[in-house]
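K.L.:
Sending over a structure as C-alpha cells; questions will come in a sec.
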Amino acid sequence: MTAPERERAAVSGGISPLRLLAVLGLALAAAAAALIFCVLFGPTSVDIQRVLTFDPTTPDYQKVFHHRLPRALAAMLVGGSLAVAGTGFQALIRNPLASPYILGVSAGGSLGAVLALAAGASLVTAPAFAGALLAVLTVYAVARTGGRVPSTTLLLAGVVVNAFFTAGIMLVNLMAAPDDQVRIVRWLVGGLRDDYRMSALLPAAGLALAVPLALFLLSRELNLISLGDVAAERAGVNVKRTRTWIFLLSSLATAVAVSIAGPIGFVGLIVPHVLRLLVGPDHRLLLPATLLGGGAFLAVIDSVGQSAFDQPLPAGVVTAFLGGPLFLVLLKRRDQARAGLHG
Amino acid sequence: MAEGIRARNVHHAYAGGRTALAGIDLDLSEDSFAAIIGPNGSGKSTLLRVLAGLLQPDEGSVEAAGLDLRRVRHKERARRIAWLPQSENEEIPFTALELVLMGRFPYQGFLPFDRERDLEVARRCLREMEAEALAGRRLAEMSGGERQRVHLARALAQEPRLLLLDEPAAALDLHFQVEVYRLLRRLNREQGRMVVMVSHDLNLPAAHADTVVLLDRGRVAALGAPDEVLRKEILEPVYRTRLIEARIPGTGRRFILPES
C-alpha cells in the first residue's frame, strides 16, 4: 500500500474482519506462489506433466513430494515462526534491533542440538527444542522482578544466558570427534534439509500456527505495548501478564524454528521491518503478514540457495549475506526519515 | 464507594527514598472540575497517577469514579478513568484515528477487531478536538500541539467518568489552550464528566476550574474555590516567592503574578 492509500484506509477506519481477510488473502497468495516456485525450481528440473500424473514411482513425483515439498513447508514453518517471533520481541522490547535470538533462545537450542550431535545422534529436533526451552525459562527466571519482565532486565538476562550457552557450544565442539565437529558446524550455520518427513513436521506445524494465533488474539495489546507500558496500562491492558505471554509465545516460536533448522539469522529481523512498511504497524495485520511473508521469504531463499550457485548454500548463509546489507539500508532510511522529520 | 474522589492518608515514596506524597486526604465530588497546583516536587503528578490507579501508593486508600483502586480490573478502570501524562512518546508510528481507536480497547471483546461503534466514538472524539483533518496522519509527523489534541481525543474515546490530565495545555498555542479548557468545561458541565488537571499556571485554574487543590511537600495545603485558594497569603509561603494579586478589569477575576 502506498502512503496515500494507507491514509485513505486509515480514514475509512479501523481493522475489520474484511480488511484482515484482504491482507490474509494477499499473503496467502504470496505464500502459495513461493511454494510453487520452490517445488518447481531446484538444482534439477522436473517435468510438471509427469508430476501431475501422481505416479509415486516416477523420480519426478518423488523429487517433488518427498523432498522439495516437505523441505519448502519446513522452510515456511521456520521462516514464519522466526518472523512472528521477531515481531513479538520488537514490540515487547520496543527496539527495532530485537531479533528472536536476542534473548539466548537460539544459543540454548544450539547447545541442545550440539550435545546430541556430539553424542552421535542424527535427529536433533527434540534436544534442540529442549535446549531452547531451557534458555527461555532461564531468561524468564532471571529477568522476572516483582511479577514483571522489564525490557532492560530481559535484554541483560538474554545477553548473559546467550554468552553462557555459547561457551557451552564451544566447549562441546572442541571436545567432539572431528566428524561430529563438521556436522556441528554445519548445524550452527542454520539451514534446511532434504529429509523432512511430513508426519514429523506436524507437531511443529501445530505450534507454528498456534503461537501466531495466540499472539493475534493479543494483537491490540501488542499495539499498545509497542507504545510503552504506561500507555498500555492506562488503556486497560494487564501489562504484567501480557508481557509475560508475549515473551513466552515469541520464545516458543523461536524454539520451533531453531529446532527444525538451526539458528537461521536475519529472517526475524528483516521480515517484520519490510512488512511494517507494506501493511503498517498494526499487529492485527502485521502478524498474519509476517507469518506468511516470513514463510514465503525463507522458502524462496532456501530454494535459490540450493540451485543458484555452483554449490548449494545453506539458507543461514544466504539470509546473512542478504539480510545484513538490507538491514543497514532499512536502518539508514529510517534515520533519514527521522532526520527529515525533526531537522 | 465514592463516585468522585476520596483519598485517605495516601503516602508514597519513590525508590531512593524521595517522599512524593506524605499523607494526602482529599475529597472531591463527582461533578468537580478541579485543578491541582503546587510548586515543583510537591507531588502533583504523583497524586494524579495514584488517582488514575496507575501507581499503587505505599499506604492509604483511594476511591475514584466508584472504584476501589486497590482492587479493580484493568479494563474496568480504563472504562471509568482516563489519564493523560505530561509528555507522550513522540515516535508513534500510528495514525491519529488508529491511536484514538486504541482508546476503545477497554470496551472491546475477545476478537481484535474495531466495531462500528468504536469508529463512531473515535471520529466524534477527533471532531471534538478539532482533529478530524488529522485522522489519517501519523503522529510522528505532527506538531506538538496536534499530537496533544489527538492524545486528548484518545483519552476521550475511553468515555471515562473521570478525566485526569497532567498539564493538558502545555504544548498548545493560545487558541487551543482556550479551546481545550472550554472543551473540558463542556465535558464537565454538559456530559457530567469529572475533570482533574495538574497545572503549573496559577491563573488558568482560576478562570476554568471550580475547585483548586494546593499541594505542598506531598500534603494538601489548601482546598477550595479558586477565590479562596488563589490568595497571596496562602500561596507565598508555599511557593516561597513574593506575589502580586490583581484583578482583571471588567470581570473582576483575580490573577496572581510574581512580584519581580
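If you're wondering about the labels, chains in the C-alpha cells are A, B, ... by order shown, residues count from 1 in each chain, ligands from 1 in order shown.
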Just the residues within 9 Å of Met129 (chain B), please, counting only C-alpha atoms, with nothing from its chain fewer than 6 positions along; format it as JSON, numbers by chain.

P.N.:
{"B": [149, 150, 152, 153, 179, 180, 183]}

K.L.:
Quick one: residues within 8 Å of Leu35 (chain A), only C-alpha atoms counted, chain neighbours fewer than 4 positions away excluded, as a ChimeraX atom specification?

P.N.:
/A:31,39,69,72-73,296,299-300

K.L.:
From a DSSP calculation on the backbone, collect every residue of region 12-220 of chain B in alpha helix (DSSP H) and output the set as a compact mmCIF listing (two decimals) with C-alpha atoms, in the first residue's frame.

P.N.:
```
# COMPACT_ATOMS: atom_id res chain seq x y z
CA LYS B 44 1.12 16.86 41.77
CA SER B 45 1.94 14.34 39.05
CA THR B 46 2.40 11.51 41.55
CA LEU B 47 -1.00 12.22 43.04
CA LEU B 48 -2.54 12.23 39.58
CA ARG B 49 -1.03 8.82 38.81
CA VAL B 50 -2.29 7.45 42.10
CA LEU B 51 -5.78 8.77 41.33
CA HIS B 74 -7.68 -3.21 34.31
CA LYS B 75 -10.39 -2.78 31.70
CA GLU B 76 -12.96 -1.72 34.26
CA ARG B 77 -10.61 1.01 35.46
CA ALA B 78 -9.92 2.19 31.92
CA ARG B 79 -13.66 2.47 31.20
CA ARG B 80 -14.07 4.89 34.10
CA ALA B 96 -4.44 9.66 14.66
CA LEU B 97 -7.51 7.54 14.03
CA GLU B 98 -5.62 4.33 14.80
CA LEU B 99 -4.38 5.80 18.08
CA VAL B 100 -7.78 7.13 19.11
CA LEU B 101 -9.29 3.73 18.34
CA MET B 102 -6.84 2.27 20.85
CA GLU B 116 -18.79 0.42 14.02
CA ARG B 117 -19.49 1.91 17.42
CA ASP B 118 -15.75 2.18 18.18
CA LEU B 119 -15.26 4.06 14.93
CA GLU B 120 -18.16 6.39 15.65
CA VAL B 121 -16.80 7.26 19.08
CA ALA B 122 -13.24 7.69 17.76
CA ARG B 123 -14.39 10.02 14.99
CA ARG B 124 -16.58 12.02 17.34
CA CYS B 125 -13.67 12.46 19.77
CA LEU B 126 -11.38 13.61 16.98
CA ARG B 127 -14.07 16.06 15.91
CA GLU B 128 -14.44 17.41 19.43
CA GLY B 144 3.37 19.03 19.41
CA GLY B 145 0.02 20.78 19.57
CA GLU B 146 -1.60 18.49 17.01
CA ARG B 147 -0.29 15.45 18.86
CA GLN B 148 -1.67 16.71 22.15
CA ARG B 149 -5.13 17.15 20.65
CA VAL B 150 -5.02 13.59 19.31
CA HIS B 151 -3.96 12.25 22.70
CA LEU B 152 -6.82 14.13 24.30
CA ALA B 153 -9.16 12.58 21.75
CA ARG B 154 -7.73 9.16 22.65
CA ALA B 155 -8.43 9.78 26.34
CA LEU B 156 -11.98 10.89 25.49
CA ALA B 157 -12.52 7.74 23.44
CA LEU B 174 -3.20 30.26 22.94
CA HIS B 175 -6.10 29.41 20.65
CA PHE B 176 -6.01 25.72 21.51
CA GLN B 177 -5.30 26.38 25.18
CA VAL B 178 -8.53 28.29 25.39
CA GLU B 179 -10.26 25.66 23.26
CA VAL B 180 -9.05 22.77 25.41
CA TYR B 181 -10.20 24.40 28.63
CA ARG B 182 -13.51 25.29 27.03
CA LEU B 183 -13.93 21.69 25.88
CA LEU B 184 -13.02 20.31 29.29
CA ARG B 185 -15.50 22.59 30.90
CA ARG B 186 -18.18 21.47 28.46
CA LEU B 187 -17.38 17.81 29.16
CA ASN B 188 -17.72 18.61 32.83
CA ARG B 189 -20.94 20.61 32.68
CA GLU B 190 -22.83 19.00 29.82
CA ASN B 203 -4.31 31.79 36.59
CA LEU B 204 -5.81 29.28 34.20
CA PRO B 205 -7.39 27.25 37.00
CA ALA B 206 -8.90 30.43 38.35
CA ALA B 207 -10.55 31.01 35.04
CA HIS B 208 -11.84 27.49 34.50
```

K.L.:
Select all residues from chain B having any atom no more than 7 Å from an atom of chain A (counting only C-alpha atoms, ignoring ligands), output as a tab-separated table (two decimals) with N, CA and C atoms, in the first residue's frame.

P.N.:
```tsv
chain	number	residue	atom	x	y	z
B	54	LEU	N	-2.73	4.03	38.38
B	54	LEU	CA	-1.55	3.53	37.68
B	54	LEU	C	-0.36	3.38	38.61
B	74	HIS	N	-8.31	-4.22	35.16
B	74	HIS	CA	-7.68	-3.21	34.31
B	74	HIS	C	-8.67	-2.53	33.36
B	75	LYS	N	-9.47	-3.36	32.69
B	75	LYS	CA	-10.39	-2.78	31.70
B	75	LYS	C	-11.47	-1.95	32.37
B	77	ARG	N	-11.21	-0.27	35.10
B	77	ARG	CA	-10.61	1.01	35.46
B	77	ARG	C	-10.53	1.93	34.25
B	78	ALA	N	-10.10	1.36	33.11
B	78	ALA	CA	-9.92	2.19	31.92
B	78	ALA	C	-11.25	2.68	31.34
B	82	ALA	N	-9.63	8.04	32.65
B	82	ALA	CA	-8.61	8.24	31.61
B	82	ALA	C	-7.57	9.20	32.13
B	83	TRP	N	-6.33	8.94	31.78
B	83	TRP	CA	-5.23	9.75	32.30
B	83	TRP	C	-4.35	10.18	31.15
B	92	ILE	N	5.37	7.71	17.65
B	92	ILE	CA	4.26	6.78	17.47
B	92	ILE	C	4.03	6.57	15.98
B	93	PRO	N	4.12	5.33	15.51
B	93	PRO	CA	4.00	5.10	14.07
B	93	PRO	C	2.56	5.05	13.58
B	94	PHE	N	1.60	5.15	14.49
B	94	PHE	CA	0.20	5.01	14.10
B	94	PHE	C	-0.40	6.33	13.64
B	97	LEU	N	-6.31	8.36	13.84
B	97	LEU	CA	-7.51	7.54	14.03
B	97	LEU	C	-7.15	6.19	14.67
B	98	GLU	N	-6.05	5.61	14.21
B	98	GLU	CA	-5.62	4.33	14.80
B	98	GLU	C	-5.36	4.49	16.29
B	103	GLY	N	-8.02	3.85	22.26
B	103	GLY	CA	-8.73	4.25	23.47
B	103	GLY	C	-9.98	3.42	23.69
B	105	PHE	N	-10.03	0.21	23.55
B	105	PHE	CA	-9.62	-1.13	23.99
B	105	PHE	C	-10.45	-1.67	25.16
B	106	PRO	N	-10.67	-0.86	26.21
B	106	PRO	CA	-11.40	-1.43	27.35
B	106	PRO	C	-12.84	-1.85	27.04
B	111	LEU	N	-12.21	-10.86	20.27
B	111	LEU	CA	-11.63	-10.78	18.92
B	111	LEU	C	-11.10	-9.37	18.65
B	112	PRO	N	-9.91	-9.28	18.10
B	112	PRO	CA	-9.28	-7.97	18.00
B	112	PRO	C	-9.74	-7.14	16.79
B	113	PHE	N	-11.00	-6.84	16.73
B	113	PHE	CA	-11.48	-6.00	15.64
B	113	PHE	C	-12.14	-4.73	16.18
B	114	ASP	N	-12.14	-3.68	15.33
B	114	ASP	CA	-12.83	-2.45	15.70
B	114	ASP	C	-14.25	-2.53	15.16
B	119	LEU	N	-15.61	3.06	15.94
B	119	LEU	CA	-15.26	4.06	14.93
B	119	LEU	C	-16.03	5.35	15.13
B	135	ALA	N	-6.98	12.76	11.02
B	135	ALA	CA	-7.30	11.34	11.21
B	135	ALA	C	-6.33	10.39	10.52
B	136	GLY	N	-5.97	10.67	9.28
B	136	GLY	CA	-5.14	9.74	8.53
B	136	GLY	C	-3.66	10.02	8.63
B	137	ARG	N	-3.30	11.04	9.42
B	137	ARG	CA	-1.87	11.37	9.51
B	137	ARG	C	-1.22	10.67	10.68
B	141	GLU	N	4.46	12.54	12.51
B	141	GLU	CA	4.60	13.64	11.55
B	141	GLU	C	3.87	14.90	12.00
```

K.L.:
Fewer than 3 positions away in the same chain doesn't count, so skip those; otherwise give me all residues within 7 Å of Gly224 (chain B), counting only C-alpha atoms, as a list in words.

P.N.:
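Counting only the stated atoms, we get Thr211, Val212, Val213, Glu228 and Val229 of chain B.
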
K.L.:
Could you write those residues out with C-alpha atoms, as a PDB file, in the first residue's frame?

P.N.:
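Generated file (part-v4.pdb):
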```pdb
ATOM      1  CA  THR B 211     -12.033  23.736  42.818  1.00  0.00           C
ATOM      2  CA  VAL B 212      -8.338  24.284  43.417  1.00  0.00           C
ATOM      3  CA  VAL B 213      -6.157  21.852  45.354  1.00  0.00           C
ATOM      4  CA  GLU B 228     -10.397  31.061  48.357  1.00  0.00           C
ATOM      5  CA  VAL B 229      -7.135  29.350  47.485  1.00  0.00           C
TER       6      VAL B 229
END
```

K.L.:
Do you know which residues are at most 12 Å from Asp201 (chain B) counting only C-alpha atoms, after dropping those on the same chain fewer than 2 positions away, and could you put them as a PyMOL selection string?

P.N.:
chain B and resi 35-40+166-170+177+197-199+203-208+212+230+255-258

K.L.:
Could you dump the residues just selected with N, CA and C atoms as an mmCIF file, in the first residue's frame?

P.N.:
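Everything below was put into result_18.cif:
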```cif
data_model
loop_
_atom_site.group_PDB
_atom_site.id
_atom_site.type_symbol
_atom_site.label_atom_id
_atom_site.label_comp_id
_atom_site.auth_asym_id
_atom_site.auth_seq_id
_atom_site.Cartn_x
_atom_site.Cartn_y
_atom_site.Cartn_z
ATOM 1 N N ALA B 35 -8.438 21.744 39.777
ATOM 2 C CA ALA B 35 -7.060 21.940 39.340
ATOM 3 C C ALA B 35 -6.153 21.683 40.521
ATOM 4 N N ILE B 36 -5.112 20.880 40.291
ATOM 5 C CA ILE B 36 -4.122 20.651 41.334
ATOM 6 C C ILE B 36 -2.933 21.543 41.032
ATOM 7 N N ILE B 37 -2.589 22.411 41.964
ATOM 8 C CA ILE B 37 -1.437 23.280 41.763
ATOM 9 C C ILE B 37 -0.445 23.053 42.897
ATOM 10 N N GLY B 38 0.746 23.616 42.718
ATOM 11 C CA GLY B 38 1.772 23.463 43.740
ATOM 12 C C GLY B 38 3.135 23.590 43.097
ATOM 13 N N PRO B 39 4.155 23.883 43.889
ATOM 14 C CA PRO B 39 5.492 24.047 43.318
ATOM 15 C C PRO B 39 6.058 22.715 42.813
ATOM 16 N N ASN B 40 7.193 22.789 42.117
ATOM 17 C CA ASN B 40 7.861 21.573 41.645
ATOM 18 C C ASN B 40 8.124 20.642 42.816
ATOM 19 N N ASP B 166 -2.498 15.830 33.034
ATOM 20 C CA ASP B 166 -1.291 16.446 33.567
ATOM 21 C C ASP B 166 -0.849 17.539 32.597
ATOM 22 N N GLU B 167 -1.065 18.776 32.956
ATOM 23 C CA GLU B 167 -0.704 19.915 32.101
ATOM 24 C C GLU B 167 -1.282 19.762 30.691
ATOM 25 N N PRO B 168 -2.594 19.690 30.566
ATOM 26 C CA PRO B 168 -3.179 19.370 29.263
ATOM 27 C C PRO B 168 -2.913 20.417 28.186
ATOM 28 N N ALA B 169 -2.613 21.633 28.585
ATOM 29 C CA ALA B 169 -2.485 22.677 27.573
ATOM 30 C C ALA B 169 -1.038 23.106 27.360
ATOM 31 N N ALA B 170 -0.101 22.375 27.958
ATOM 32 C CA ALA B 170 1.286 22.833 27.949
ATOM 33 C C ALA B 170 1.851 22.998 26.538
ATOM 34 N N GLN B 177 -5.200 26.396 23.716
ATOM 35 C CA GLN B 177 -5.301 26.381 25.181
ATOM 36 C C GLN B 177 -6.716 26.743 25.600
ATOM 37 N N MET B 197 -7.154 18.306 36.749
ATOM 38 C CA MET B 197 -5.946 18.564 35.970
ATOM 39 C C MET B 197 -4.858 19.144 36.847
ATOM 40 N N VAL B 198 -3.640 18.820 36.484
ATOM 41 C CA VAL B 198 -2.489 19.423 37.142
ATOM 42 C C VAL B 198 -2.105 20.629 36.329
ATOM 43 N N SER B 199 -1.826 21.725 37.001
ATOM 44 C CA SER B 199 -1.474 22.926 36.255
ATOM 45 C C SER B 199 -0.329 23.666 36.932
ATOM 46 N N ASN B 203 -3.172 30.964 36.989
ATOM 47 C CA ASN B 203 -4.311 31.786 36.594
ATOM 48 C C ASN B 203 -5.335 31.052 35.743
ATOM 49 N N LEU B 204 -4.860 30.058 34.994
ATOM 50 C CA LEU B 204 -5.815 29.278 34.201
ATOM 51 C C LEU B 204 -6.833 28.551 35.066
ATOM 52 N N PRO B 205 -6.382 27.914 36.161
ATOM 53 C CA PRO B 205 -7.386 27.253 37.001
ATOM 54 C C PRO B 205 -8.419 28.233 37.524
ATOM 55 N N ALA B 206 -7.957 29.430 37.833
ATOM 56 C CA ALA B 206 -8.900 30.429 38.349
ATOM 57 C C ALA B 206 -9.983 30.701 37.329
ATOM 58 N N ALA B 207 -9.585 30.681 36.077
ATOM 59 C CA ALA B 207 -10.548 31.009 35.039
ATOM 60 C C ALA B 207 -11.496 29.849 34.741
ATOM 61 N N HIS B 208 -11.050 28.620 34.978
ATOM 62 C CA HIS B 208 -11.837 27.490 34.496
ATOM 63 C C HIS B 208 -12.319 26.534 35.571
ATOM 64 N N VAL B 212 -9.793 24.285 43.533
ATOM 65 C CA VAL B 212 -8.338 24.284 43.417
ATOM 66 C C VAL B 212 -7.758 23.536 44.611
ATOM 67 N N LEU B 230 -6.485 30.885 45.734
ATOM 68 C CA LEU B 230 -5.503 31.682 44.994
ATOM 69 C C LEU B 230 -5.355 33.056 45.655
ATOM 70 N N PHE B 255 -6.092 37.555 39.517
ATOM 71 C CA PHE B 255 -4.956 36.807 38.989
ATOM 72 C C PHE B 255 -3.688 37.123 39.762
ATOM 73 N N ILE B 256 -2.749 36.170 39.662
ATOM 74 C CA ILE B 256 -1.566 36.183 40.510
ATOM 75 C C ILE B 256 -0.326 36.308 39.635
ATOM 76 N N LEU B 257 0.580 37.163 40.049
ATOM 77 C CA LEU B 257 1.849 37.306 39.324
ATOM 78 C C LEU B 257 2.989 37.351 40.328
ATOM 79 N N PRO B 258 4.170 36.854 39.920
ATOM 80 C CA PRO B 258 5.317 37.059 40.807
ATOM 81 C C PRO B 258 5.676 38.544 40.857
#
```

K.L.:
Write out as a PyMOL selection string each polymer residue whose atoms come within 12 Å of Glu63 (chain B), counting only C-alpha atoms; drop sequence neighbours fewer than 5 positions from it.

P.N.:
chain B and resi 1-8+10+25-30+50-53+68-72+77+80-81+162

K.L.:
For the atom pair CA of Asp229 (chain A) and CA of Arg243 (chain A), what is the interatomic distance in Å to one decimal place?

P.N.:
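Separating CA of Asp229 (chain A) from CA of Arg243 (chain A) is a distance of 9.1 Å.
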
K.L.:
If we count only C-alpha atoms, what is near Leu24 (chain A) at a cut-off of 9 Å, once residues fewer than 6 positions away on the same chain are taken out, given as an mmCIF file with N, CA and C atoms, in the first residue's frame?

P.N.:
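To be explicit, this is the file written out as selection_33.cif:
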```
data_model
loop_
_atom_site.group_PDB
_atom_site.id
_atom_site.type_symbol
_atom_site.label_atom_id
_atom_site.label_comp_id
_atom_site.auth_asym_id
_atom_site.auth_seq_id
_atom_site.Cartn_x
_atom_site.Cartn_y
_atom_site.Cartn_z
ATOM 1 N N LEU A 285 -2.715 -6.764 11.470
ATOM 2 C CA LEU A 285 -2.377 -7.103 10.091
ATOM 3 C C LEU A 285 -0.953 -7.615 9.989
ATOM 4 N N PRO A 288 -0.354 -11.717 10.832
ATOM 5 C CA PRO A 288 -0.622 -12.652 9.734
ATOM 6 C C PRO A 288 0.329 -12.439 8.558
ATOM 7 N N ALA A 289 0.634 -11.171 8.279
ATOM 8 C CA ALA A 289 1.527 -10.888 7.152
ATOM 9 C C ALA A 289 2.929 -11.433 7.397
ATOM 10 N N LEU A 292 3.022 -15.439 7.090
ATOM 11 C CA LEU A 292 3.033 -15.966 5.726
ATOM 12 C C LEU A 292 4.201 -15.395 4.925
#
```

K.L.:
Would you pick out the contacts of Ser32 (chain B) at 7 Å or less, using only C-alpha atoms, so that residues sharing its chain but fewer than 6 positions from it are not included, and give the list as a PDB file with C-alpha atoms, in the first residue's frame?

P.N.:
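Once everything was written out, this is result-v9.pdb:
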```
ATOM      1  CA  MET B 194     -15.313  14.817  36.401  1.00  0.00           C
ATOM      2  CA  VAL B 195     -12.120  16.622  35.400  1.00  0.00           C
ATOM      3  CA  ASP B 210     -14.380  25.251  40.260  1.00  0.00           C
ATOM      4  CA  THR B 211     -12.033  23.736  42.818  1.00  0.00           C
TER       5      THR B 211
END
```
